[in-house]
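Have a look at model-v2.txt below; it lists compact mmCIF, C-alpha atoms.
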```
# COMPACT_ATOMS: atom_id res chain seq x y z
CA MET R 1 38.45 23.78 9.74
CA ILE R 2 38.87 20.03 9.67
CA ARG R 3 39.66 18.43 13.00
CA GLU R 4 42.03 15.48 13.39
CA PHE R 5 40.66 12.10 14.45
CA THR R 6 42.50 11.88 17.78
CA SER R 7 41.93 10.10 21.08
CA ALA R 8 39.56 12.92 22.13
CA GLU R 9 37.29 12.11 19.19
CA VAL R 10 37.47 8.38 19.90
CA LEU R 11 36.61 9.09 23.54
CA PHE R 12 33.57 11.15 22.48
CA ILE R 13 32.30 8.19 20.45
CA VAL R 14 33.06 5.65 23.19
CA LEU R 15 31.27 7.75 25.81
CA ALA R 16 28.18 7.91 23.59
CA VAL R 17 27.85 4.14 24.13
CA ARG R 18 26.23 4.95 27.47
CA TRP R 19 23.26 6.56 25.70
CA THR R 20 22.87 3.52 23.49
CA LEU R 21 22.89 1.36 26.63
CA ILE R 22 20.48 3.61 28.54
CA LEU R 23 18.03 3.70 25.63
CA SER R 24 18.31 -0.10 25.20
CA ALA R 25 17.70 -0.59 28.93
CA ILE R 26 14.61 1.66 28.97
CA ALA R 27 13.19 -0.04 25.87
CA PHE R 28 13.95 -3.49 27.26
CA LEU R 29 12.33 -2.82 30.65
CA GLY R 30 9.31 -1.13 29.06
CA GLY R 31 9.16 -3.87 26.44
CA ALA R 32 9.33 -6.58 29.11
CA LEU R 33 6.27 -5.16 30.88
CA GLY R 34 4.42 -4.58 27.62
CA GLY R 35 5.53 -7.92 26.23
CA LEU R 36 4.29 -9.82 29.27
CA LEU R 37 0.93 -8.09 28.96
CA ILE R 38 0.77 -8.89 25.24
CA ALA R 39 1.82 -12.52 25.78
CA LEU R 40 -0.80 -13.04 28.49
CA THR R 41 -3.50 -11.32 26.40
CA ARG R 42 -2.48 -13.34 23.36
CA THR R 43 -2.92 -16.61 25.29
CA SER R 44 -6.03 -15.60 27.27
CA GLN R 45 -9.43 -17.33 27.16
CA SER R 46 -11.19 -14.36 25.56
CA LYS R 47 -11.20 -14.42 21.77
CA ALA R 48 -11.57 -10.63 21.52
CA LEU R 49 -8.51 -10.03 23.73
CA ARG R 50 -6.50 -12.55 21.73
CA ARG R 51 -7.44 -10.72 18.51
CA ILE R 52 -6.39 -7.34 19.91
CA ALA R 53 -2.99 -8.68 21.01
CA ALA R 54 -2.50 -10.39 17.63
CA GLY R 55 -3.34 -7.12 15.87
CA PHE R 56 -0.86 -5.19 18.01
CA ILE R 57 1.89 -7.68 17.18
CA GLN R 58 1.03 -7.69 13.48
CA VAL R 59 1.07 -3.89 13.21
CA PHE R 60 4.39 -3.45 15.01
CA GLN R 61 6.10 -6.38 13.27
CA GLY R 62 4.65 -5.37 9.89
CA THR R 63 5.83 -1.75 9.79
CA PRO R 64 9.37 -0.31 9.79
CA LEU R 65 10.83 0.71 13.16
CA LEU R 66 11.95 3.94 11.46
CA MET R 67 8.33 4.84 10.61
CA GLN R 68 7.26 4.01 14.19
CA LEU R 69 9.95 6.39 15.46
CA PHE R 70 8.83 9.21 13.17
CA LEU R 71 5.20 8.60 14.02
CA VAL R 72 5.81 8.79 17.78
CA TYR R 73 8.20 11.74 17.35
CA PHE R 74 5.65 13.82 15.41
CA GLY R 75 2.79 12.28 17.39
CA LEU R 76 4.10 13.94 20.57
CA ALA R 77 3.12 17.29 19.05
CA VAL R 78 -0.31 15.90 18.19
CA VAL R 79 -1.04 15.07 21.82
CA GLY R 80 0.41 18.44 22.90
CA LEU R 81 3.74 17.29 24.37
CA PRO R 82 7.02 19.06 23.60
CA ILE R 83 9.12 17.33 20.94
CA ASN R 84 11.80 15.33 22.69
CA PRO R 85 14.00 12.81 20.84
CA LEU R 86 14.78 10.70 23.94
CA LEU R 87 11.13 10.41 24.92
CA ALA R 88 10.06 9.61 21.35
CA ALA R 89 12.79 6.99 20.92
CA ALA R 90 12.04 5.40 24.30
CA VAL R 91 8.30 5.17 23.58
CA ALA R 92 8.71 3.85 20.02
CA LEU R 93 11.32 1.27 21.02
CA THR R 94 9.16 0.18 23.97
CA PHE R 95 6.23 -0.53 21.62
CA HIS R 96 8.58 -2.30 19.22
CA ALA R 97 10.05 -4.44 22.01
CA SER R 98 6.59 -5.18 23.47
CA ALA R 99 5.42 -6.61 20.15
CA TYR R 100 8.50 -8.79 19.60
CA LEU R 101 8.84 -9.96 23.22
CA GLY R 102 5.07 -10.56 23.33
CA GLU R 103 5.32 -12.86 20.34
CA ILE R 104 8.41 -14.67 21.70
CA TRP R 105 6.82 -15.20 25.11
CA ARG R 106 3.49 -16.28 23.63
CA GLY R 107 5.42 -19.06 21.92
CA ALA R 108 7.08 -19.99 25.21
CA ILE R 109 3.77 -20.04 27.11
CA GLU R 110 2.13 -22.21 24.44
CA ALA R 111 5.10 -24.57 24.50
CA VAL R 112 4.41 -25.50 28.13
CA PRO R 113 2.43 -28.77 27.91
CA SER R 114 -1.29 -28.02 28.35
CA GLY R 115 -1.52 -30.82 30.98
CA GLN R 116 0.40 -28.52 33.32
CA ALA R 117 -2.23 -25.79 33.20
CA GLU R 118 -5.01 -28.41 33.37
CA ALA R 119 -3.46 -30.01 36.45
CA ALA R 120 -3.21 -26.59 38.09
CA THR R 121 -6.86 -25.90 37.27
CA ALA R 122 -7.82 -29.33 38.68
CA LEU R 123 -6.00 -28.34 41.88
CA SER R 124 -8.34 -25.30 41.88
CA LEU R 125 -5.55 -22.77 41.46
CA SER R 126 -6.74 -19.34 40.32
CA TYR R 127 -5.61 -17.89 36.98
CA THR R 128 -3.01 -15.73 38.74
CA ASP R 129 -1.59 -18.62 40.79
CA ARG R 130 -1.66 -20.96 37.80
CA MET R 131 0.31 -18.50 35.68
CA ARG R 132 2.63 -17.38 38.43
CA HIS R 133 3.55 -20.72 39.96
CA VAL R 134 2.99 -23.26 37.18
CA VAL R 135 3.03 -21.91 33.62
CA LEU R 136 5.31 -18.84 33.62
CA PRO R 137 8.26 -20.41 35.49
CA GLN R 138 8.36 -23.20 32.91
CA ALA R 139 7.85 -20.78 30.01
CA LEU R 140 10.67 -18.61 31.36
CA ARG R 141 13.18 -21.40 30.80
CA LEU R 142 12.18 -21.65 27.15
CA ALA R 143 12.02 -17.89 26.66
CA ILE R 144 15.47 -16.83 27.90
CA ALA R 145 17.56 -17.73 24.82
CA PRO R 146 15.32 -15.99 22.23
CA THR R 147 14.91 -13.02 24.60
CA VAL R 148 18.69 -12.51 24.74
CA GLY R 149 18.71 -12.86 20.94
CA PHE R 150 16.09 -10.12 20.67
CA LEU R 151 18.19 -7.87 22.92
CA VAL R 152 20.78 -7.79 20.13
CA GLN R 153 18.11 -6.66 17.66
CA LEU R 154 16.97 -4.00 20.14
CA ILE R 155 20.48 -2.58 20.68
CA LYS R 156 20.93 -2.35 16.92
CA GLY R 157 17.47 -0.77 16.66
CA THR R 158 18.46 2.08 18.99
CA SER R 159 20.80 3.31 16.22
CA LEU R 160 17.70 4.58 14.37
CA ALA R 161 17.10 7.06 17.22
CA SER R 162 19.99 9.03 15.68
CA ILE R 163 17.73 9.85 12.71
CA ILE R 164 15.28 11.75 14.92
CA GLY R 165 18.21 13.57 16.51
CA PHE R 166 19.00 11.64 19.69
CA THR R 167 22.76 11.60 20.30
CA GLU R 168 23.62 7.98 20.93
CA LEU R 169 26.50 5.99 19.45
CA THR R 170 25.60 6.32 15.75
CA ARG R 171 24.86 10.05 15.93
CA ALA R 172 28.06 10.66 17.91
CA GLY R 173 29.82 9.00 14.97
CA GLN R 174 28.05 11.27 12.49
CA ILE R 175 28.99 14.36 14.51
CA ILE R 176 32.67 13.35 14.62
CA ASN R 177 32.60 12.43 10.94
CA ASN R 178 31.24 15.86 10.04
CA ALA R 179 34.11 17.49 11.94
CA THR R 180 36.99 15.22 10.92
CA PHE R 181 35.80 13.85 7.59
CA LYS R 182 37.30 10.43 8.23
CA PRO R 183 34.20 8.32 7.47
CA PHE R 184 36.05 5.02 7.00
CA LEU R 185 37.72 5.30 10.40
CA VAL R 186 34.75 6.83 12.23
CA PHE R 187 32.06 4.42 11.06
CA GLY R 188 34.53 1.54 11.39
CA THR R 189 34.97 2.52 15.06
CA VAL R 190 31.21 2.88 15.57
CA ALA R 191 30.60 -0.54 13.98
CA ALA R 192 33.31 -2.09 16.16
CA LEU R 193 31.68 -0.68 19.31
CA TYR R 194 28.26 -2.11 18.34
CA PHE R 195 29.98 -5.42 17.64
CA ILE R 196 31.57 -5.40 21.10
CA LEU R 197 28.11 -4.82 22.65
CA CYS R 198 26.20 -7.32 20.54
CA TRP R 199 28.52 -10.23 19.82
CA PRO R 200 28.81 -11.55 23.40
CA LEU R 201 24.99 -11.48 23.64
CA SER R 202 24.67 -13.36 20.35
CA LEU R 203 27.12 -16.00 21.55
CA LEU R 204 25.30 -16.28 24.88
CA ALA R 205 21.94 -16.70 23.14
CA ARG R 206 23.33 -19.39 20.86
CA HIS R 207 25.00 -21.20 23.76
CA MET R 208 21.77 -21.20 25.79
CA GLU R 209 19.78 -22.40 22.79
CA THR R 210 22.08 -25.37 22.20
CA ARG R 211 21.94 -26.29 25.89
CA MET R 212 18.16 -26.02 25.87
CA ARG R 213 17.80 -28.19 22.79
CA ARG R 214 19.99 -30.82 24.39
CA ALA R 215 17.91 -30.70 27.58
CA ILE R 216 14.65 -31.10 25.64
CA THR R 217 15.75 -33.93 23.37
CA ARG R 218 17.24 -35.90 26.27
CA MET A 1 -5.47 21.47 19.80
CA TYR A 2 -3.77 19.84 16.82
CA ASN A 3 -5.33 20.43 13.40
CA PHE A 4 -5.05 17.40 11.18
CA SER A 5 -4.55 18.18 7.52
CA PHE A 6 -4.54 15.15 5.31
CA GLN A 7 -4.97 17.25 2.20
CA PRO A 8 -1.22 17.41 1.32
CA VAL A 9 -1.07 13.63 1.66
CA PHE A 10 -3.97 12.95 -0.69
CA GLU A 11 -2.96 15.65 -3.17
CA ASN A 12 0.47 14.02 -3.51
CA LEU A 13 -0.62 10.40 -3.34
CA ASP A 14 0.87 9.76 -6.79
CA LEU A 15 4.33 10.68 -5.43
CA LEU A 16 3.93 8.29 -2.52
CA LEU A 17 2.63 5.51 -4.77
CA TYR A 18 5.62 5.99 -7.05
CA GLY A 19 7.82 5.80 -3.92
CA ALA A 20 6.10 2.56 -2.97
CA TRP A 21 6.87 1.13 -6.41
CA LEU A 22 10.56 2.12 -5.95
CA THR A 23 10.59 0.33 -2.58
CA ILE A 24 9.02 -2.78 -4.15
CA ARG A 25 11.56 -2.77 -6.97
CA MET A 26 14.54 -2.18 -4.67
CA SER A 27 13.37 -4.91 -2.28
CA LEU A 28 12.82 -7.43 -5.08
CA ILE A 29 16.31 -6.80 -6.50
CA ALA A 30 17.83 -7.09 -3.02
CA MET A 31 15.87 -10.30 -2.31
CA VAL A 32 17.00 -12.02 -5.54
CA LEU A 33 20.65 -10.97 -5.15
CA GLY A 34 20.48 -11.68 -1.41
CA LEU A 35 19.17 -15.19 -2.08
CA ILE A 36 22.12 -15.84 -4.40
CA VAL A 37 24.61 -14.56 -1.79
CA SER A 38 22.87 -16.66 0.89
CA LEU A 39 22.97 -19.86 -1.18
CA LEU A 40 26.67 -19.37 -2.00
CA GLY A 41 27.37 -18.41 1.62
CA ALA A 42 25.59 -21.46 3.00
CA VAL A 43 27.40 -23.80 0.59
CA ALA A 44 30.71 -22.16 1.58
CA LYS A 45 29.89 -22.51 5.28
CA THR A 46 28.97 -26.19 5.01
CA SER A 47 31.92 -26.97 2.72
CA GLY A 48 34.98 -28.69 4.08
CA ILE A 49 37.23 -25.81 3.03
CA ARG A 50 38.40 -24.24 6.30
CA PRO A 51 39.59 -20.72 5.19
CA LEU A 52 36.36 -20.28 3.22
CA ARG A 53 34.33 -21.18 6.31
CA TRP A 54 36.28 -18.72 8.47
CA VAL A 55 35.72 -15.90 5.99
CA MET A 56 31.98 -16.63 5.96
CA ASP A 57 31.90 -16.85 9.77
CA VAL A 58 33.45 -13.37 10.06
CA TYR A 59 31.09 -11.95 7.42
CA VAL A 60 27.98 -13.37 9.09
CA GLU A 61 28.97 -12.36 12.64
CA VAL A 62 30.07 -8.83 11.73
CA ILE A 63 26.89 -8.08 9.76
CA ARG A 64 24.52 -9.65 12.28
CA ASN A 65 26.04 -7.79 15.22
CA THR A 66 26.11 -4.26 13.79
CA PRO A 67 23.14 -2.02 12.89
CA PHE A 68 22.05 -1.69 9.26
CA LEU A 69 22.25 2.09 9.59
CA VAL A 70 25.96 1.93 10.43
CA GLN A 71 26.53 -0.55 7.60
CA ILE A 72 24.96 1.77 5.05
CA PHE A 73 26.95 4.77 6.39
CA PHE A 74 30.12 2.72 6.13
CA ILE A 75 29.35 1.63 2.57
CA PHE A 76 28.15 5.01 1.31
CA PHE A 77 30.50 7.39 3.19
CA GLY A 78 33.37 5.13 4.28
CA LEU A 79 34.17 3.08 1.18
CA PRO A 80 34.86 6.11 -1.09
CA ALA A 81 37.88 6.77 1.19
CA ILE A 82 39.43 3.56 -0.18
CA GLY A 83 38.34 4.33 -3.73
CA ILE A 84 34.94 2.60 -3.94
CA SER A 85 32.29 5.22 -4.74
CA MET A 86 28.66 4.41 -5.44
CA SER A 87 25.50 6.37 -6.18
CA PRO A 88 22.99 6.42 -3.29
CA ASN A 89 20.72 3.90 -5.06
CA THR A 90 23.56 1.48 -5.77
CA ALA A 91 24.93 1.84 -2.23
CA ALA A 92 21.43 1.14 -0.87
CA ILE A 93 21.08 -2.10 -2.85
CA VAL A 94 24.63 -3.20 -1.99
CA ALA A 95 23.98 -2.55 1.72
CA LEU A 96 20.67 -4.43 1.64
CA VAL A 97 22.19 -7.41 -0.18
CA VAL A 98 25.21 -7.56 2.14
CA ASN A 99 22.86 -7.38 5.13
CA VAL A 100 20.25 -9.93 4.07
CA GLY A 101 23.00 -12.20 2.69
CA ALA A 102 24.41 -12.69 6.19
CA TYR A 103 21.04 -13.61 7.73
CA GLY A 104 20.12 -15.75 4.71
CA THR A 105 23.44 -17.61 4.86
CA GLU A 106 22.77 -18.59 8.46
CA ILE A 107 19.15 -19.62 7.74
CA ILE A 108 20.01 -21.76 4.70
CA ARG A 109 23.03 -23.29 6.48
CA ALA A 110 20.72 -24.43 9.27
CA GLY A 111 18.39 -25.90 6.62
CA ILE A 112 21.19 -27.84 4.95
CA GLU A 113 22.43 -29.16 8.31
CA SER A 114 18.90 -30.28 9.22
CA ILE A 115 18.96 -32.88 6.41
CA PRO A 116 19.83 -36.23 8.04
CA GLY A 117 22.94 -37.95 6.68
CA GLY A 118 20.92 -41.11 6.06
CA GLN A 119 18.88 -39.27 3.46
CA ILE A 120 21.98 -38.40 1.47
CA GLU A 121 23.22 -42.00 1.74
CA ALA A 122 19.80 -43.19 0.52
CA GLY A 123 20.14 -40.89 -2.49
CA ARG A 124 23.56 -42.34 -3.20
CA ALA A 125 22.21 -45.89 -2.87
CA LEU A 126 19.53 -45.02 -5.45
CA GLY A 127 22.32 -44.11 -7.86
CA LEU A 128 21.73 -40.34 -7.93
CA SER A 129 24.65 -38.19 -9.08
CA PRO A 130 26.21 -35.78 -6.55
CA VAL A 131 24.57 -32.86 -8.38
CA GLN A 132 21.17 -34.58 -8.22
CA ILE A 133 21.68 -35.38 -4.53
CA PHE A 134 22.57 -31.75 -3.82
CA ARG A 135 19.60 -30.44 -5.76
CA TYR A 136 16.81 -32.88 -4.89
CA VAL A 137 17.88 -34.52 -1.64
CA VAL A 138 19.58 -31.61 0.15
CA MET A 139 18.52 -28.24 -1.26
CA LYS A 140 14.85 -28.80 -2.01
CA PRO A 141 13.84 -30.21 1.41
CA ALA A 142 16.24 -27.76 3.11
CA LEU A 143 14.60 -24.80 1.39
CA ARG A 144 11.17 -26.19 2.20
CA ASN A 145 12.08 -26.41 5.89
CA ILE A 146 13.50 -22.91 6.16
CA TYR A 147 11.08 -21.22 3.75
CA PRO A 148 9.09 -19.47 6.53
CA SER A 149 12.20 -18.03 8.23
CA LEU A 150 13.72 -16.99 4.92
CA THR A 151 10.62 -15.19 3.68
CA SER A 152 10.02 -13.42 6.99
CA GLN A 153 13.65 -12.27 6.76
CA PHE A 154 12.84 -10.94 3.27
CA ILE A 155 9.81 -9.04 4.59
CA TYR A 156 12.02 -7.65 7.36
CA LEU A 157 14.45 -6.58 4.60
CA MET A 158 11.66 -4.67 2.84
CA LEU A 159 10.80 -2.88 6.09
CA THR A 160 14.49 -2.17 6.83
CA SER A 161 14.91 -0.70 3.34
CA SER A 162 13.14 2.43 4.65
CA VAL A 163 16.47 3.27 6.33
CA VAL A 164 18.12 3.87 2.92
CA SER A 165 16.30 7.21 2.86
CA VAL A 166 19.07 8.55 5.16
CA ILE A 167 21.51 8.53 2.23
CA SER A 168 18.77 9.94 -0.06
CA ALA A 169 18.34 6.78 -2.08
CA ASN A 170 14.97 6.81 -3.85
CA ASP A 171 12.27 4.88 -2.03
CA LEU A 172 8.96 5.29 -0.23
CA ALA A 173 10.49 6.82 2.93
CA SER A 174 12.44 9.36 0.82
CA ALA A 175 9.29 10.29 -1.09
CA GLY A 176 7.63 10.91 2.28
CA ALA A 177 10.61 12.95 3.55
CA ASP A 178 10.50 15.15 0.42
CA LEU A 179 6.80 15.70 0.83
CA ASN A 180 7.33 16.52 4.52
CA ALA A 181 9.96 19.14 3.65
CA ARG A 182 7.47 20.86 1.33
CA THR A 183 4.23 20.64 3.31
CA PHE A 184 5.20 20.07 7.01
CA ALA A 185 2.18 17.79 7.50
CA SER A 186 4.61 15.47 9.32
CA PHE A 187 2.33 13.28 11.39
CA GLU A 188 -0.17 12.77 8.59
CA ILE A 189 2.55 11.89 6.08
CA TYR A 190 4.26 9.39 8.36
CA LEU A 191 0.92 7.84 9.28
CA MET A 192 0.27 7.30 5.58
CA LEU A 193 3.78 5.91 5.04
CA THR A 194 3.34 3.49 7.93
CA ILE A 195 0.05 2.26 6.48
CA MET A 196 1.64 1.86 3.04
CA TYR A 197 4.55 -0.16 4.45
CA PHE A 198 2.07 -2.34 6.31
CA LEU A 199 0.19 -3.01 3.06
CA LEU A 200 3.47 -3.78 1.29
CA ALA A 201 4.35 -6.28 4.03
CA LEU A 202 0.93 -7.93 3.64
CA GLY A 203 1.41 -8.00 -0.13
CA PHE A 204 4.80 -9.66 0.11
CA SER A 205 3.57 -12.26 2.59
CA THR A 206 0.66 -13.12 0.22
CA LEU A 207 3.14 -13.44 -2.64
CA PHE A 208 5.41 -15.72 -0.60
CA ALA A 209 2.46 -17.91 0.43
CA ALA A 210 1.52 -18.30 -3.24
CA ILE A 211 5.09 -19.23 -4.17
CA ARG A 212 5.14 -21.76 -1.35
CA ARG A 213 1.95 -23.41 -2.64
CA SER A 214 3.25 -23.78 -6.18
CA PHE A 215 6.83 -24.83 -5.44
CA PHE A 216 7.08 -26.48 -2.08
CA THR A 217 4.08 -28.76 -1.62
CA TYR A 218 4.66 -32.49 -1.66
CA PRO A 219 2.92 -34.20 -4.59
CA ALA A 220 1.20 -36.47 -2.07
CA SER A 221 -0.39 -33.60 -0.16
CA ARG A 222 -2.11 -32.10 -3.23
```

What would you get if you wrote out this structure as structure tokens?
Amino acid sequence: MIREFTSAEVLFIVLAVRWTLILSAIAFLGGALGGLLIALTRTSQSKALRRIAAGFIQVFQGTPLLMQLFLVYFGLAVVGLPINPLLAAAVALTFHASAYLGEIWRGAIEAVPSGQAEAATALSLSYTDRMRHVVLPQALRLAIAPTVGFLVQLIKGTSLASIIGFTELTRAGQIINNATFKPFLVFGTVAALYFILCWPLSLLARHMETRMRRAITR
Amino acid sequence: MYNFSFQPVFENLDLLLYGAWLTIRMSLIAMVLGLIVSLLGAVAKTSGIRPLRWVMDVYVEVIRNTPFLVQIFFIFFGLPAIGISMSPNTAAIVALVVNVGAYGTEIIRAGIESIPGGQIEAGRALGLSPVQIFRYVVMKPALRNIYPSLTSQFIYLMLTSSVVSVISANDLASAGADLNARTFASFEIYLMLTIMYFLLALGFSTLFAAIRRSFFTYPASR
């Protein structure tokens, strides 16, 4: 029995956007914590710590997100946890986001003139105070535009969670397509919804980048 | 306690290695075709022809703001509805080229726009023809400037190509999925696949570094 592609089907797809957003939000928050840790480790005084952070970034940027998802998904069984698509997707995307945000924020931290950190050290500020009050606030300004840009990549990345069986936007589309067999319309709708989520963020990132470049070259 | 069994992985290593070769071949084809699309796209975007620029703007924005997975579903399942049917392997390459073409267009456009106007005027003053100016004064330094972003986009393309396994195109991830369906040594298989993709990424970045040394070094810096 083939179902029609009616407003009920469209609504089902539109409502699935919330799972895409929830998954993106979890991965972004987790990735922000992980990324900060990676960025600080990557710029620390200890050579060994810097190496570990660099290795983490290289592994997660040098392997497909799809493989990371499968590995975490099947890895849950290895550590004795029940198989759960949402948990697997959230963990894998958090690692993925930590690596990318870590690399972006490392760049931002290193772009703060070294005289700033030296001046703070000369004023006998501790590492924590130096980072918190001097380096990170200045790095934050540089980091915002590429961070928003990465958010677009992350939202698109959540679509891969559909492959391990988590029902977000893309999988909702697949389900409706299997029932209605209107792939052109269904995947067109799904693509349009992703576009509505991502395009404003892309524009915002580009706008902030241009403004930043103008502020720096002035 | 989980019992690791790497035996199925090592017994079928030839299958996985063949899959790796398919991924290398598919990625290379997509990179070459993608580079051509990107060059044409960037020239179109920097041309004075308005409608052409609008078309390229829409192409680049639509592709960059939708997931690759949805693009490949649309191409493989959606396009047959309007009479364009492709085999999984063809659809995979088309999707990869369309995808990387959009990112490449944007990267090369930025490279072209980074060439100062004075440089082009200098070329003209030296009596170079427009074709020579385009080739030696604009394209070569532009490509040199954006080479790192372009090649990391290509490596990202190779990693993304694992997604084509969802439409059963032949590649490394599909080889792993087949093996998984037969042996159920899921974690071990995907660990091996992840390691193999990592080695492929290292291989490609070594290749790109070699190409950079032979094509894009200034004579003076040798």

Enumerate as an MDAnalysis selection string the residues belonging to chain A that approach chain R to within 10 Å, with only C-alpha atoms taken into account. chainID A and resid 1:4 61:82 155:163 166 173 185:202

Under the rule that all atoms listed in the file are counted, which of A:Phe10, A:Glu106, A:Val43, A:Ile84 is the nearest residue to Tyr59 of chain A? A:Glu106

Enclose segment 74-86 of chain A, meaning all of its atoms listed in the file, in a box aligned along x, y and z, pad it by 3 Å on each side, and list the centre and edge lengths in Å to one decimal, as AutoDock Vina command-line options.
```
--center_x 33.8 --center_y 4.5 --center_z 0.3 --size_x 17.3 --size_y 11.8 --size_z 17.6
```

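In this model, the gap between atom CA of Thr183 of chain A and atom CA of Glu11 of chain A comes to 10.9 Å.
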
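The closest residue to Asp57 of chain A, picked from A:Ala102, A:Leu33, A:Leu150, A:Val131 and counting all atoms listed in the file, is A:Ala102.
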
Provide segment 33-52 of chain R rebuilt to N, CA and C atoms, formatted as a short mmCIF file (atom, residue, chain, number, x, y, z; two decimals), in the frame of the given file.
```cif
data_model
loop_
_atom_site.label_atom_id
_atom_site.label_comp_id
_atom_site.auth_asym_id
_atom_site.auth_seq_id
_atom_site.Cartn_x
_atom_site.Cartn_y
_atom_site.Cartn_z
N LEU R 33 7.61 -5.33 30.29
CA LEU R 33 6.27 -5.16 30.88
C LEU R 33 5.19 -5.30 29.80
N GLY R 34 5.38 -4.53 28.72
CA GLY R 34 4.42 -4.58 27.62
C GLY R 34 4.33 -5.96 27.00
N GLY R 35 5.48 -6.59 26.84
CA GLY R 35 5.53 -7.92 26.23
C GLY R 35 4.81 -8.96 27.06
N LEU R 36 4.98 -8.87 28.39
CA LEU R 36 4.29 -9.82 29.27
C LEU R 36 2.78 -9.65 29.14
N LEU R 37 2.36 -8.39 29.12
CA LEU R 37 0.93 -8.09 28.96
C LEU R 37 0.41 -8.64 27.63
N ILE R 38 1.17 -8.41 26.56
CA ILE R 38 0.77 -8.89 25.24
C ILE R 38 0.72 -10.42 25.21
N ALA R 39 1.76 -11.05 25.79
CA ALA R 39 1.82 -12.52 25.78
C ALA R 39 0.64 -13.11 26.54
N LEU R 40 0.32 -12.52 27.70
CA LEU R 40 -0.80 -13.04 28.49
C LEU R 40 -2.13 -12.79 27.77
N THR R 41 -2.27 -11.62 27.15
CA THR R 41 -3.50 -11.32 26.40
C THR R 41 -3.64 -12.26 25.21
N ARG R 42 -2.50 -12.51 24.57
CA ARG R 42 -2.48 -13.34 23.36
C ARG R 42 -2.85 -14.80 23.67
N THR R 43 -2.63 -15.21 24.93
CA THR R 43 -2.92 -16.61 25.29
C THR R 43 -4.14 -16.69 26.21
N SER R 44 -4.91 -15.59 26.32
CA SER R 44 -6.03 -15.60 27.27
C SER R 44 -7.22 -16.39 26.72
N GLN R 45 -8.24 -16.55 27.55
CA GLN R 45 -9.43 -17.33 27.16
C GLN R 45 -10.30 -16.53 26.19
N SER R 46 -10.28 -15.19 26.34
CA SER R 46 -11.19 -14.36 25.56
C SER R 46 -10.70 -14.19 24.12
N LYS R 47 -11.57 -14.50 23.18
CA LYS R 47 -11.20 -14.42 21.77
C LYS R 47 -10.92 -12.98 21.37
N ALA R 48 -11.73 -12.05 21.87
CA ALA R 48 -11.57 -10.63 21.52
C ALA R 48 -10.19 -10.13 21.97
N LEU R 49 -9.82 -10.46 23.22
CA LEU R 49 -8.51 -10.03 23.73
C LEU R 49 -7.38 -10.62 22.89
N ARG R 50 -7.53 -11.91 22.54
CA ARG R 50 -6.50 -12.55 21.73
C ARG R 50 -6.34 -11.83 20.40
N ARG R 51 -7.47 -11.44 19.79
CA ARG R 51 -7.44 -10.72 18.51
C ARG R 51 -6.71 -9.39 18.64
N ILE R 52 -7.02 -8.65 19.72
CA ILE R 52 -6.39 -7.34 19.91
C ILE R 52 -4.87 -7.49 20.01
#
```
